[in-house]
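Asks: Below you'll find input25.txt; it's compact mmCIF, C-alpha atoms and all ligand atoms.
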# COMPACT_ATOMS: atom_id res chain seq x y z
CA MET A 15 -1.30 -10.42 -13.55
CA ARG A 16 -0.08 -7.04 -14.71
CA GLN A 17 3.68 -7.00 -14.77
CA GLY A 18 5.18 -6.17 -11.39
CA GLU A 19 1.86 -6.37 -9.49
CA THR A 20 3.38 -8.43 -6.66
CA ALA A 21 6.25 -5.99 -6.30
CA ARG A 22 3.81 -3.07 -6.41
CA ILE A 23 1.67 -4.51 -3.62
CA GLU A 24 4.78 -4.94 -1.50
CA SER A 25 6.13 -1.47 -2.16
CA GLU A 26 2.74 0.24 -1.64
CA HIS A 27 2.31 -1.62 1.61
CA ASP A 28 5.74 -0.45 2.72
CA ARG A 29 5.46 3.17 1.62
CA LEU A 30 4.77 6.04 4.00
CA SER A 31 1.63 7.91 2.96
CA PRO A 32 2.58 10.54 0.32
CA ALA A 33 -0.27 12.87 1.42
CA LEU A 34 0.75 12.70 5.07
CA LEU A 35 4.37 13.50 4.21
CA ALA A 36 3.32 16.35 1.91
CA TRP A 37 1.01 17.95 4.48
CA LEU A 38 3.60 17.66 7.24
CA ALA A 39 6.16 19.19 4.87
CA GLY A 40 3.84 22.22 4.79
CA GLU A 41 3.95 22.57 8.58
CA SER A 42 6.79 24.47 10.16
CA LEU A 43 8.26 21.94 12.56
CA ALA A 44 11.33 23.97 13.55
CA GLY A 45 11.09 24.43 17.30
CA SER A 46 8.39 21.75 17.53
CA THR A 47 8.18 18.55 19.48
CA VAL A 48 6.62 15.75 17.42
CA LEU A 49 5.14 12.64 18.98
CA ASP A 50 4.97 9.67 16.60
CA VAL A 51 2.53 7.18 18.11
CA GLY A 52 2.82 3.54 17.08
CA THR A 53 6.18 4.42 15.58
CA GLY A 54 7.15 0.77 14.89
CA THR A 55 10.62 0.81 13.36
CA GLY A 56 10.62 4.62 13.40
CA ARG A 57 10.11 5.36 9.72
CA LEU A 58 7.94 8.45 10.20
CA ALA A 59 9.89 9.65 13.25
CA VAL A 60 13.16 9.51 11.32
CA ALA A 61 11.61 11.17 8.25
CA LEU A 62 10.41 14.13 10.36
CA ALA A 63 13.35 14.53 12.76
CA PRO A 64 15.63 16.59 10.49
CA ARG A 65 12.97 19.36 10.44
CA ALA A 66 11.85 19.18 14.08
CA ARG A 67 13.38 20.26 17.37
CA ARG A 68 12.80 16.79 18.69
CA VAL A 69 10.79 13.69 18.00
CA LEU A 70 9.53 11.10 20.44
CA GLY A 71 8.48 7.78 18.97
CA LEU A 72 6.39 5.51 21.12
CA ASP A 73 5.30 1.96 20.66
CA THR A 74 4.28 -1.01 22.78
CA ASP A 75 6.66 -3.24 20.81
CA ALA A 76 10.11 -2.97 22.41
CA GLY A 77 11.65 -5.11 19.64
CA ALA A 78 10.52 -2.71 16.90
CA LEU A 79 12.06 0.16 18.86
CA VAL A 80 15.47 -1.54 18.79
CA GLU A 81 15.30 -1.29 14.99
CA ALA A 82 13.96 2.30 15.25
CA ARG A 83 16.99 3.35 17.33
CA ARG A 84 19.28 1.69 14.80
CA ARG A 85 17.53 3.57 11.98
CA ALA A 86 17.96 6.93 13.80
CA ARG A 87 21.63 6.19 14.51
CA ARG A 88 22.25 5.28 10.87
CA ALA A 89 20.66 8.59 9.84
CA GLY A 90 22.95 10.45 12.28
CA LEU A 91 19.99 11.90 14.22
CA GLY A 92 20.52 13.01 17.80
CA ASN A 93 17.06 14.50 18.43
CA VAL A 94 14.93 11.33 18.34
CA LEU A 95 13.99 9.30 21.38
CA PHE A 96 12.05 6.03 21.31
CA ILE A 97 10.11 4.84 24.32
CA VAL A 98 7.93 1.88 25.13
CA ALA A 99 4.46 3.19 25.99
CA ASP A 100 0.81 2.52 25.23
CA ALA A 101 -0.47 5.31 22.98
CA GLU A 102 -4.05 4.67 24.08
CA THR A 103 -3.42 5.32 27.77
CA ALA A 104 -0.27 7.48 27.99
CA ASP A 105 -0.51 11.11 29.07
CA TYR A 106 1.02 12.96 26.11
CA ARG A 107 1.63 16.10 28.23
CA THR A 108 4.20 14.18 30.23
CA LEU A 109 5.83 13.06 26.97
CA GLY A 110 7.45 16.35 26.03
CA ARG A 111 4.28 18.42 25.52
CA PRO A 112 4.01 17.75 21.78
CA ASP A 113 3.09 20.41 19.22
CA VAL A 114 2.35 17.70 16.66
CA VAL A 115 0.98 14.22 17.19
CA ALA A 116 1.64 12.08 14.13
CA ALA A 117 0.69 8.48 13.47
CA HIS A 118 1.15 6.14 10.53
CA LEU A 119 -1.16 3.13 10.53
CA CYS A 120 -1.76 3.22 14.26
CA MET A 121 -4.98 5.06 15.07
CA SER A 122 -7.97 4.58 17.33
CA ASP A 123 -10.62 6.69 19.05
CA ALA A 124 -8.56 6.39 22.26
CA ILE A 125 -5.49 7.84 20.50
CA VAL A 126 -7.57 10.75 19.17
CA ALA A 127 -8.75 11.38 22.75
CA ARG A 128 -5.19 11.22 24.13
CA ALA A 129 -4.00 13.61 21.41
CA SER A 130 -6.83 15.99 22.20
CA ALA A 131 -5.88 16.05 25.89
CA GLY A 132 -2.16 16.36 25.12
CA LEU A 133 -2.15 19.12 22.48
CA SER A 134 -2.58 22.82 23.11
CA ARG A 135 -4.84 24.96 20.93
CA GLY A 136 -3.41 25.06 17.39
CA GLY A 137 -1.58 21.75 17.87
CA VAL A 138 -1.68 19.33 14.95
CA LEU A 139 -2.90 15.75 14.78
CA ALA A 140 -1.79 14.22 11.46
CA PHE A 141 -2.25 10.57 10.62
CA ALA A 142 -2.73 7.89 8.02
CA ALA A 143 -5.09 5.15 9.19
CA PHE A 144 -6.37 2.05 7.49
CA HIS A 145 -9.56 2.94 5.65
CA ALA A 146 -12.57 0.65 6.08
CA ASP A 147 -12.04 -0.47 2.45
CA GLN A 148 -8.53 -1.78 3.16
CA TRP A 149 -8.40 -5.41 1.92
CA ARG A 150 -12.22 -5.45 1.74
CA GLU A 151 -11.96 -8.58 -0.45
CA THR A 152 -10.98 -10.56 2.65
CA GLY A 153 -14.39 -9.77 4.17
CA ARG A 154 -12.97 -8.38 7.38
CA VAL A 155 -12.69 -4.73 8.43
CA SER A 156 -9.91 -3.95 10.91
CA ARG A 157 -11.15 -2.65 14.24
CA PHE A 158 -8.65 0.21 13.74
CA ALA A 159 -10.06 1.19 10.33
CA TYR A 160 -11.92 4.44 9.68
CA GLU A 161 -14.17 5.70 6.95
CA GLU A 162 -14.51 9.42 6.24
CA GLU A 163 -17.67 10.29 8.18
CA ARG A 164 -16.74 8.41 11.34
CA ALA A 165 -13.29 10.00 11.36
CA ARG A 166 -14.79 13.47 10.96
CA SER A 167 -17.24 12.89 13.76
CA VAL A 168 -14.65 11.40 16.19
CA LEU A 169 -12.30 14.31 15.50
CA ARG A 170 -15.01 16.97 15.84
CA GLU A 171 -16.18 15.53 19.15
CA ALA A 172 -12.59 15.48 20.43
CA GLY A 173 -12.13 19.19 19.64
CA PHE A 174 -10.29 19.04 16.31
CA ARG A 175 -10.95 20.98 13.11
CA VAL A 176 -10.22 18.86 10.04
CA GLU A 177 -8.06 20.81 7.58
CA GLN A 178 -7.13 18.03 5.18
CA LEU A 179 -8.74 14.67 4.54
CA GLU A 180 -8.01 12.33 1.69
CA VAL A 181 -8.41 8.66 0.86
CA GLU A 182 -5.42 6.99 -0.79
CA ARG A 183 -6.80 3.96 -2.62
CA ARG A 184 -5.36 1.50 -5.14
CA ALA A 185 -6.86 -1.74 -6.39
CA ALA A 186 -4.55 -4.42 -7.75
CA GLU A 187 -5.96 -6.70 -10.43
CA PHE A 188 -4.88 -10.29 -11.01
CA GLY A 189 -5.30 -12.56 -14.02
CA THR A 190 -5.79 -15.75 -12.00
CA ALA A 191 -6.49 -16.87 -8.44
CA ASP A 192 -2.96 -18.31 -8.18
CA GLU A 193 -1.43 -14.98 -9.11
CA ALA A 194 -3.56 -13.32 -6.43
CA ARG A 195 -2.43 -15.89 -3.84
CA GLN A 196 1.18 -15.46 -4.83
CA ALA A 197 0.95 -11.67 -4.52
CA THR A 198 -0.45 -11.95 -0.99
CA GLU A 199 1.78 -14.77 0.25
CA ARG A 200 3.65 -12.40 2.56
CA PHE A 201 0.40 -11.70 4.46
CA ARG A 202 -0.66 -15.35 4.63
CA ALA A 203 0.46 -16.21 8.18
CA LYS A 204 -1.13 -13.06 9.58
CA TRP A 205 -4.33 -13.51 7.55
CA GLU A 206 -4.62 -17.15 8.60
CA ALA A 207 -4.30 -16.11 12.24
CA ASP A 208 -6.93 -13.34 12.03
CA GLY A 209 -9.36 -15.22 9.77
CA ARG A 210 -8.81 -13.09 6.66
CA TRP A 211 -7.26 -15.87 4.57
CA ALA A 212 -10.49 -17.91 4.53
CA GLY A 213 -12.42 -14.84 3.36
CA TRP A 214 -9.79 -14.17 0.67
CA GLU A 215 -10.03 -17.77 -0.57
CA ARG A 216 -13.83 -17.44 -0.71
CA PHE A 217 -13.52 -14.24 -2.73
CA LEU A 218 -11.10 -15.91 -5.18
CA ALA A 219 -13.30 -19.01 -5.46
CA GLU A 220 -16.23 -16.76 -6.45
CA GLY A 221 -14.13 -15.28 -9.27
CA GLY A 222 -12.86 -12.13 -7.54
CA ARG A 223 -9.46 -10.96 -8.82
CA THR A 224 -8.84 -7.63 -7.09
CA LEU A 225 -7.24 -6.50 -3.84
CA THR A 226 -7.93 -3.02 -2.47
CA GLU A 227 -5.48 -1.02 -0.42
CA SER A 228 -6.98 2.06 1.17
CA ARG A 229 -5.82 4.59 3.73
CA LEU A 230 -7.56 7.57 5.24
CA VAL A 231 -5.16 10.47 5.68
CA VAL A 232 -6.03 13.43 7.90
CA LEU A 233 -4.50 16.64 9.17
CA ALA A 234 -6.55 18.23 11.96
CA ARG A 235 -5.92 21.12 14.34
CA ARG A 236 -6.87 21.39 18.01
CA THR A 237 -9.42 24.13 18.53
C1 LIG A 301 1.08 -1.14 11.17
S1 LIG A 301 2.36 -0.77 12.34
C2 LIG A 301 2.89 0.82 11.79
C3 LIG A 301 4.25 1.17 12.29
C4 LIG A 301 4.81 2.50 11.78
N1 LIG A 301 4.00 3.62 12.17
C5 LIG A 301 5.01 2.47 10.29
O1 LIG A 301 4.16 2.92 9.54
O2 LIG A 301 6.04 1.92 9.87
C6 LIG A 301 1.44 -0.39 13.83
C7 LIG A 301 2.33 -0.14 15.02
O3 LIG A 301 1.54 0.35 16.09
C8 LIG A 301 1.96 -0.23 17.29
N2 LIG A 301 0.87 -0.15 18.26
C9 LIG A 301 -0.35 -0.77 18.21
N3 LIG A 301 -1.10 -0.41 19.27
C10 LIG A 301 -0.35 0.45 20.00
C11 LIG A 301 -0.57 1.17 21.20
N4 LIG A 301 -1.73 1.08 21.87
N5 LIG A 301 0.41 1.98 21.67
C12 LIG A 301 1.59 2.08 21.01
N6 LIG A 301 1.85 1.42 19.86
C13 LIG A 301 0.90 0.62 19.36
C14 LIG A 301 2.36 -1.65 16.91
O4 LIG A 301 3.22 -2.23 17.85
C15 LIG A 301 3.03 -1.39 15.56
O5 LIG A 301 4.40 -1.12 15.71
Would you put the structure from the file into structure tokens?

Replies:
Amino acid sequence: MRQGETARIESEHDRLSPALLAWLAGESLAGSTVLDVGTGTGRLAVALAPRARRVLGLDTDAGALVEARRRARRAGLGNVLFIVADAETADYRTLGRPDVVAAHLCMSDAIVARASAGLSRGGVLAFAAFHADQWRETGRVSRFAYEEERARSVLREAGFRVEQLEVERRAAEFGTADEARQATERFRAKWEADGRWAGWERFLAEGGRTLTESRLVVLARRT
């Protein structure tokens, strides 16, 4: 294994998308309400709050929101609110009439539709989603994953103009199957539960020694 490959996989997995952060840095958020859907522990919400009028983070996982509130308190932010809600069914207009809907690794056609209904003309939908190539070595594509053409078509049909679209992709390479297993140990329980681990073992048994991480990052504007 290349030196530090395990650590790299962990840090990449934990890193907010650089393209998403850069594109949102180019948007004037002063005076804006940002809705961070699937906020989890509030990483994106807290990163954006210093530049926004206010940020609402929503998630179905009340436990993650406890940590999100702690994170906002630690950062001394008074303009972030976290609420338990389902991003696929909520009416975003009743959630502070957002100017920007942002999402990091929580995206679906239903969320695109909700964002379309909740944003006014010129409003921004900016997200990083799992790309269909994410962990392709495990043989299973997440039902939340997108590839470029499908994302473009879903967004167009929902009334968005795509202004930025990029795929962030890295492939780790391992010297041996054991090194590959060791690097992915942190995912093992989850992958065993969703059937990915068996596919990963098959890939390793056939001599595969790579693991692909891939995200589709988009900034689109409501027309
Ligand atoms: C991979 S995590 C990403 C969390 C966070 N955005 C980040 O990057 O740190 C996906 C999050 O989406 C949330 N989620 C999944 N489906 C959801 C839904 N329908 N409505 C709200 N949150 C949802 C999960 O609870 C989880 O916290």

Asks: Write out as JSON, numbers by chain each polymer residue whose atoms come within 8 Å of Arg183 of chain A, counting all atoms listed in the file; drop sequence neighbours fewer than 5 positions from it.

Replies: {"A": [226, 227, 228, 229]}

Asks: Neighbours of Leu169 of chain A within 9 Å (only C-alpha atoms; same-chain residues fewer than 2 positions away dropped), as a VMD selection string?

Replies: chain A and resid 123 126 to 127 130 164 to 167 171 to 176 234

Asks: Hey, which residues sit close to ligand LIG 301 (chain A)? Say within 8 Å, counting only C-alpha atoms and all ligand atoms, and write them as a list of chain:residue names.

Replies: A:Asp28, A:Leu30, A:Asp50, A:Val51, A:Gly52, A:Thr53, A:Gly54, A:Thr55, A:Gly56, A:Arg57, A:Leu58, A:Leu72, A:Asp73, A:Thr74, A:Asp75, A:Ala78, A:Val98, A:Ala99, A:Asp100, A:Ala101, A:Glu102, A:Thr103, A:Ala117, A:His118, A:Leu119, A:Cys120, A:Met121, A:Ile125

Asks: Save out the residues we just selected, C-alpha atoms, as a compact mmCIF listing (two decimals), in the coordinates of the input.

Replies:
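Final output, part_18.txt:
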# COMPACT_ATOMS: atom_id res chain seq x y z
CA ASP A 28 5.74 -0.45 2.72
CA LEU A 30 4.77 6.04 4.00
CA ASP A 50 4.97 9.67 16.60
CA VAL A 51 2.53 7.18 18.11
CA GLY A 52 2.82 3.54 17.08
CA THR A 53 6.18 4.42 15.58
CA GLY A 54 7.15 0.77 14.89
CA THR A 55 10.62 0.81 13.36
CA GLY A 56 10.62 4.62 13.40
CA ARG A 57 10.11 5.36 9.72
CA LEU A 58 7.94 8.45 10.20
CA LEU A 72 6.39 5.51 21.12
CA ASP A 73 5.30 1.96 20.66
CA THR A 74 4.28 -1.01 22.78
CA ASP A 75 6.66 -3.24 20.81
CA ALA A 78 10.52 -2.71 16.90
CA VAL A 98 7.93 1.88 25.13
CA ALA A 99 4.46 3.19 25.99
CA ASP A 100 0.81 2.52 25.23
CA ALA A 101 -0.47 5.31 22.98
CA GLU A 102 -4.05 4.67 24.08
CA THR A 103 -3.42 5.32 27.77
CA ALA A 117 0.69 8.48 13.47
CA HIS A 118 1.15 6.14 10.53
CA LEU A 119 -1.16 3.13 10.53
CA CYS A 120 -1.76 3.22 14.26
CA MET A 121 -4.98 5.06 15.07
CA ILE A 125 -5.49 7.84 20.50

Asks: Just checking: using all atoms listed in the file, which residue out of A:Leu49, A:Ala116, A:Ala185, A:Ala76 ends up closest to Arg150 of chain A?

Replies: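 When distances to Arg150 of chain A are compared using all atoms listed in the file, the smallest one comes from A:Ala185.
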
Asks: Can you work out which one of A:Ala124, A:Val114, A:Ala191, A:Ala61 has the shortest atom-to-atom distance to Ser42 of chain A, counting only C-alpha atoms?

Replies: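 Smallest separation from Ser42 of chain A among the options: A:Val114.
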
Asks: Can you measure atom CA of Leu109 of chain A to atom CA of Leu43 of chain A for me? One decimal in Å is fine.

Replies: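 Atom-to-atom, atom CA of Leu109 of chain A and atom CA of Leu43 of chain A are spaced 17.1 Å apart.
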
Asks: To one decimal place in Å, what is the distance between atom CA of Arg29 of chain A and atom CA of Val181 of chain A?

Replies: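 Taking atom CA of Arg29 of chain A and atom CA of Val181 of chain A, their separation equals 14.9 Å.
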
Asks: Please compute the atom CA of Arg236 of chain A-atom CA of Gln148 of chain A distance, one decimal, in Å.

Replies: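 Taking atom CA of Arg236 of chain A and atom CA of Gln148 of chain A, their separation equals 27.6 Å.
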
Asks: Using all atoms listed in the file, can you tell me which of A:Leu70, A:Ala82, A:Leu91, A:Ala63 comes closest to Thr108 of chain A?

Replies: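 Of the candidates, the smallest distance to Thr108 of chain A is held by A:Leu70.
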
Asks: Name the residues in contact with Arg216 of chain A at a cut-off of 12 Å, using all atoms listed in the file, excluding same-chain residues fewer than 3 positions from it; report them as a PyMOL selection string.

Replies: chain A and resi 151-153+191+195+209-213+219-223

Asks: Can you sort out segment 205-218 of chain A so it carries N, CA, C and O atoms, written as a PDB file, in the frame of the given file?

Replies:
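Result file result_33.pdb:
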ATOM      1  N   TRP A 205      -2.929 -13.379   7.961  1.00  0.00           N
ATOM      2  CA  TRP A 205      -4.330 -13.510   7.550  1.00  0.00           C
ATOM      3  C   TRP A 205      -4.930 -14.848   7.998  1.00  0.00           C
ATOM      4  O   TRP A 205      -6.132 -14.935   8.246  1.00  0.00           O
ATOM      5  N   GLU A 206      -4.087 -15.882   8.097  1.00  0.00           N
ATOM      6  CA  GLU A 206      -4.620 -17.150   8.600  1.00  0.00           C
ATOM      7  C   GLU A 206      -4.946 -17.002  10.086  1.00  0.00           C
ATOM      8  O   GLU A 206      -5.944 -17.519  10.574  1.00  0.00           O
ATOM      9  N   ALA A 207      -4.086 -16.271  10.795  1.00  0.00           N
ATOM     10  CA  ALA A 207      -4.300 -16.110  12.240  1.00  0.00           C
ATOM     11  C   ALA A 207      -5.541 -15.251  12.533  1.00  0.00           C
ATOM     12  O   ALA A 207      -6.265 -15.519  13.489  1.00  0.00           O
ATOM     13  N   ASP A 208      -5.797 -14.233  11.700  1.00  0.00           N
ATOM     14  CA  ASP A 208      -6.930 -13.340  12.030  1.00  0.00           C
ATOM     15  C   ASP A 208      -8.193 -13.664  11.229  1.00  0.00           C
ATOM     16  O   ASP A 208      -9.182 -12.927  11.294  1.00  0.00           O
ATOM     17  N   GLY A 209      -8.152 -14.761  10.466  1.00  0.00           N
ATOM     18  CA  GLY A 209      -9.360 -15.220   9.770  1.00  0.00           C
ATOM     19  C   GLY A 209      -9.553 -14.621   8.388  1.00  0.00           C
ATOM     20  O   GLY A 209     -10.509 -14.949   7.688  1.00  0.00           O
ATOM     21  N   ARG A 210      -8.630 -13.722   7.966  1.00  0.00           N
ATOM     22  CA  ARG A 210      -8.810 -13.090   6.660  1.00  0.00           C
ATOM     23  C   ARG A 210      -8.561 -14.062   5.493  1.00  0.00           C
ATOM     24  O   ARG A 210      -9.153 -13.923   4.431  1.00  0.00           O
ATOM     25  N   TRP A 211      -7.644 -15.019   5.710  1.00  0.00           N
ATOM     26  CA  TRP A 211      -7.260 -15.870   4.570  1.00  0.00           C
ATOM     27  C   TRP A 211      -8.460 -16.650   4.046  1.00  0.00           C
ATOM     28  O   TRP A 211      -8.658 -16.783   2.836  1.00  0.00           O
ATOM     29  N   ALA A 212      -9.314 -17.141   4.956  1.00  0.00           N
ATOM     30  CA  ALA A 212     -10.490 -17.910   4.530  1.00  0.00           C
ATOM     31  C   ALA A 212     -11.419 -17.020   3.690  1.00  0.00           C
ATOM     32  O   ALA A 212     -11.954 -17.456   2.663  1.00  0.00           O
ATOM     33  N   GLY A 213     -11.581 -15.773   4.111  1.00  0.00           N
ATOM     34  CA  GLY A 213     -12.420 -14.840   3.360  1.00  0.00           C
ATOM     35  C   GLY A 213     -11.829 -14.550   1.977  1.00  0.00           C
ATOM     36  O   GLY A 213     -12.541 -14.454   0.972  1.00  0.00           O
ATOM     37  N   TRP A 214     -10.515 -14.423   1.920  1.00  0.00           N
ATOM     38  CA  TRP A 214      -9.790 -14.170   0.670  1.00  0.00           C
ATOM     39  C   TRP A 214      -9.968 -15.348  -0.274  1.00  0.00           C
ATOM     40  O   TRP A 214     -10.269 -15.173  -1.457  1.00  0.00           O
ATOM     41  N   GLU A 215      -9.844 -16.569   0.250  1.00  0.00           N
ATOM     42  CA  GLU A 215     -10.030 -17.770  -0.570  1.00  0.00           C
ATOM     43  C   GLU A 215     -11.464 -17.823  -1.103  1.00  0.00           C
ATOM     44  O   GLU A 215     -11.687 -18.191  -2.258  1.00  0.00           O
ATOM     45  N   ARG A 216     -12.419 -17.448  -0.282  1.00  0.00           N
ATOM     46  CA  ARG A 216     -13.830 -17.440  -0.710  1.00  0.00           C
ATOM     47  C   ARG A 216     -14.008 -16.466  -1.881  1.00  0.00           C
ATOM     48  O   ARG A 216     -14.623 -16.765  -2.891  1.00  0.00           O
ATOM     49  N   PHE A 217     -13.426 -15.276  -1.698  1.00  0.00           N
ATOM     50  CA  PHE A 217     -13.520 -14.240  -2.730  1.00  0.00           C
ATOM     51  C   PHE A 217     -12.919 -14.738  -4.050  1.00  0.00           C
ATOM     52  O   PHE A 217     -13.515 -14.574  -5.125  1.00  0.00           O
ATOM     53  N   LEU A 218     -11.765 -15.407  -3.964  1.00  0.00           N
ATOM     54  CA  LEU A 218     -11.100 -15.910  -5.180  1.00  0.00           C
ATOM     55  C   LEU A 218     -11.921 -17.038  -5.809  1.00  0.00           C
ATOM     56  O   LEU A 218     -12.057 -17.105  -7.032  1.00  0.00           O
TER      57      LEU A 218
END
